[in-house]
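Novice: My questions all concern the structure below.
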Amino acid sequence: MIGLLDVLVVDDEQPAVDAMVHFLDKDRRIGRIFPAASANEALRILQEQHLDAIFLDIHMPSMTGLDLARVVNRFSEAPAVVFVTADDTLAVKAFELEATDYLLKPVSESRLAETVGRLAGTRVPLAPDAQLITVDQGGFSRMIRLDEVQYAEASGDYVRLHTAQSDYLVRIPMSALARQWENDGFVRIHRSYLVSLRHVDRVEFRGTASVKVGSVRLPVSRRSAPLLRSRLQAGRIRSTT
């Protein structure tokens, strides 16, 4: 997207509106910011202004955020919709409405910046069937997409999930996580590491085996090397002649 993003913030709680406006106003990719205290006020603004995105609360009186999103989706040039809510149970419904993101309150400035980056870039909405997982960070919970996880690292009684933007702790044994994510493209390459094959840039089997994920090099144990080879071979392109 070229130029600054003009956005609308919709929430019936004024402190929530003020916090979002404060963070957005600090982002150089954001242009005009329009606050609204209700869905009806938001519709009036949308009729008067051409906007790029809406940051939308879900639980509001009269018309919910989900209802407003259904109306917005019928616009000929619909703005992107980002849900901002304390309710972590409605993500699937949100993505069925082609939401670009689903933020859990309280929203951190860094998390909001990730969303703005998505809006300012491709503006491709998350897939409706994207698998979401709940993680903890900074004393609160949030939801991330499973396909954002590049690799998992054992950390005592926890597992640390690494994404391109941040990392998160989940309380689960590595062995259990490996079983759960086996059919989602993850491979246990070491006692301490589980890696997503979609994020692997390079594999080295000579000498000390390793895989490279971005700028990080992860060890591959001798015990895990055969499984990794097998999974790589299964995805190899073969000639049909």
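By order of appearance in the structure tokens: chains A, B, ..., then residues from 1 within every chain, and ligands from 1 in the order shown.
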Skipping near chain neighbours, those fewer than 6 positions away, what residues fall within 7 Å of Val9 of chain A using only C-alpha atoms, listed as a list in words?
Specialist: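 Counting only C-alpha atoms, the residues come to Val17, Phe34, Pro35, Ala36, Ile54, Phe55 and Leu56 of chain A.
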Novice: Using only C-alpha atoms, determine which residues lie at most 10 Å from Glu13 of chain A, disregarding the query and same-chain residues fewer than 5 positions distant; provide the list as an mmCIF file with all heavy atoms, in the first residue's frame.
Specialist:
```cif
data_model
loop_
_atom_site.group_PDB
_atom_site.id
_atom_site.type_symbol
_atom_site.label_atom_id
_atom_site.label_comp_id
_atom_site.auth_asym_id
_atom_site.auth_seq_id
_atom_site.Cartn_x
_atom_site.Cartn_y
_atom_site.Cartn_z
ATOM 1 N N ASP A 18 -8.838 5.606 23.655
ATOM 2 C CA ASP A 18 -7.706 6.499 23.897
ATOM 3 C C ASP A 18 -6.381 5.759 23.783
ATOM 4 O O ASP A 18 -5.409 6.289 23.214
ATOM 5 C CB ASP A 18 -7.824 7.131 25.286
ATOM 6 C CG ASP A 18 -9.004 8.091 25.402
ATOM 7 O OD1 ASP A 18 -9.502 8.534 24.344
ATOM 8 O OD2 ASP A 18 -9.426 8.377 26.533
ATOM 9 N N ALA A 36 -14.535 6.269 17.298
ATOM 10 C CA ALA A 36 -15.996 6.127 17.339
ATOM 11 C C ALA A 36 -16.361 5.319 18.579
ATOM 12 O O ALA A 36 -15.696 4.329 18.906
ATOM 13 C CB ALA A 36 -16.504 5.438 16.081
ATOM 14 N N ALA A 37 -17.442 5.738 19.252
ATOM 15 C CA ALA A 37 -17.852 5.087 20.492
ATOM 16 C C ALA A 37 -18.934 4.032 20.282
ATOM 17 O O ALA A 37 -19.370 3.391 21.240
ATOM 18 C CB ALA A 37 -18.343 6.138 21.490
ATOM 19 N N SER A 38 -19.380 3.860 19.033
ATOM 20 C CA SER A 38 -20.423 2.875 18.753
ATOM 21 C C SER A 38 -20.357 2.474 17.281
ATOM 22 O O SER A 38 -19.743 3.166 16.458
ATOM 23 C CB SER A 38 -21.805 3.440 19.067
ATOM 24 O OG SER A 38 -22.131 4.481 18.150
ATOM 25 N N ASP A 57 -13.814 -3.246 18.259
ATOM 26 C CA ASP A 57 -14.201 -4.040 19.421
ATOM 27 C C ASP A 57 -15.357 -4.961 19.019
ATOM 28 O O ASP A 57 -16.080 -4.683 18.050
ATOM 29 C CB ASP A 57 -14.614 -3.109 20.561
ATOM 30 C CG ASP A 57 -14.888 -3.867 21.854
ATOM 31 O OD1 ASP A 57 -14.321 -4.965 22.040
ATOM 32 O OD2 ASP A 57 -15.672 -3.368 22.678
ATOM 33 N N MET A 60 -20.242 -4.682 21.878
ATOM 34 C CA MET A 60 -20.742 -3.313 21.997
ATOM 35 C C MET A 60 -22.262 -3.353 21.979
ATOM 36 O O MET A 60 -22.854 -4.250 21.376
ATOM 37 C CB MET A 60 -20.220 -2.450 20.835
ATOM 38 C CG MET A 60 -18.713 -2.278 20.802
ATOM 39 S SD MET A 60 -18.178 -1.128 19.497
ATOM 40 C CE MET A 60 -18.672 -2.063 18.024
#
```
Novice: If you run DSSP over the backbone, which residues in chain A end up alpha helix (DSSP H)? Put them as an NGL selection string.
Specialist: :A and (14-26 or 39-48 or 65-72 or 91-96 or 109-120 or 174-180 or 225-234)
Novice: Let me make sure I understand: among A:Gln47, A:Ser108, A:Ser224, A:Thr100, which one has the smallest atom-to-atom distance to Arg188 of chain A if we use only C-alpha atoms?
Specialist: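 That would be A:Ser224, the residue with the smallest distance to Arg188 of chain A.
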Novice: Check segment 10-239 of chain A with DSSP on the backbone and list each residue it calls strand (DSSP E), as a ChimeraX atom specification.
Specialist: /A:10,30-36,53-56,80-85,101-104,132-137,140-145,151-155,158-162,167-170,186-190,193-196,202-204,210-213,216-219
Novice: With distances taken over only C-alpha atoms, which of A:Ser196, A:Thr134, A:Ser230, A:Ser62 is nearest to Leu169 of chain A?
Specialist: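 Among the listed residues, the smallest separation from Leu169 of chain A belongs to A:Thr134.
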Novice: Here is a test: counting only C-alpha atoms, which residue of A:Val195, A:Val116, A:Ala234, A:Leu5 is nearest to Leu51 of chain A?
Specialist: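 Of all the options, A:Leu5 lies closest to Leu51 of chain A.
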Novice: Show which residues sit within 9 Å of His59 of chain A, as a PDB file with C-alpha atoms, in the first residue's frame. Count only C-alpha atoms, and ignore same-chain residues fewer than 2 positions away.
Specialist:
```pdb
ATOM      1  CA  ASP A  11     -14.939   0.828  20.994  1.00  0.00           C
ATOM      2  CA  ASP A  12     -17.688   1.744  23.468  1.00  0.00           C
ATOM      3  CA  ASP A  57     -14.201  -4.040  19.421  1.00  0.00           C
ATOM      4  CA  PRO A  61     -24.389  -2.377  22.650  1.00  0.00           C
ATOM      5  CA  MET A  63     -24.639  -3.558  17.125  1.00  0.00           C
ATOM      6  CA  THR A  64     -21.687  -5.858  17.820  1.00  0.00           C
ATOM      7  CA  GLY A  65     -18.360  -5.620  16.094  1.00  0.00           C
ATOM      8  CA  LEU A  66     -19.102  -8.830  14.222  1.00  0.00           C
ATOM      9  CA  THR A  85     -11.227  -7.569  22.058  1.00  0.00           C
ATOM     10  CA  ASP A  87     -12.775 -12.219  24.231  1.00  0.00           C
TER      11      ASP A  87
END
```
Novice: Taking only C-alpha atoms into account, which of A:Leu177, A:Pro106, A:Ala113, A:Gly207 comes nearest Ala86 of chain A?
Specialist: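 The closest residue to Ala86 of chain A is A:Pro106.
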Novice: Can you tell me which residues surround Ser210 of chain A at a distance of at most 12 Å, considering only C-alpha atoms, apart from same-chain residues fewer than 2 positions away, and format the answer as a list in words?
Specialist: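 Near Ser210 of chain A, the qualifying residues are Ile189, His190, Tyr193, Val195, Val200, Asp201, Arg202, Val203, Glu204, Phe205, Arg206, Gly207, Thr208, Lys212, Val213, Val216, Arg217, Leu218, Pro219, Val220, Ser221, Arg222, Ser224, Ala225, Leu228 and Arg229 of chain A.
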Novice: Could you tell me how far atom CA of Arg29 of chain A lies from atom CA of Leu119 of chain A, in Å and to one decimal?
Specialist: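 Between atom CA of Arg29 of chain A and atom CA of Leu119 of chain A the gap works out to 9.5 Å.
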Novice: Would you pick out the contacts of segment 173-175 of chain A at 10 Å or less, using only C-alpha atoms, so that residues sharing its chain but fewer than 6 positions from it are not included, and give the list as a ChimeraX atom specification?
Specialist: /A:152-160,188,191-194
Novice: Looking at A:Ala16, A:Ile144, A:Ala39, A:Ala176, which one is nearest to Thr163 of chain A, with distances taken over only C-alpha atoms?
Specialist: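 Counting only C-alpha atoms, the residue closest to Thr163 of chain A is A:Ile144.
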Novice: In terms of the shortest atom-to-atom distance over only C-alpha atoms, which of A:Gln233, A:Ser166, A:Asn73, A:Gln49 is closest to Gln150 of chain A?
Specialist: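 Of all the options, A:Ser166 lies closest to Gln150 of chain A.
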Novice: Between atom CA of Asp88 of chain A and atom CA of Phe23 of chain A, what distance in Å does the model show, to one decimal?
Specialist: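 Straight-line distance from atom CA of Asp88 of chain A to atom CA of Phe23 of chain A works out to 21.7 Å.
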Novice: Mind giving me the straight-line distance from atom CA of Tyr151 of chain A to atom CA of Leu112 of chain A in Å, one decimal?
Specialist: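 Straight-line distance from atom CA of Tyr151 of chain A to atom CA of Leu112 of chain A works out to 22.8 Å.
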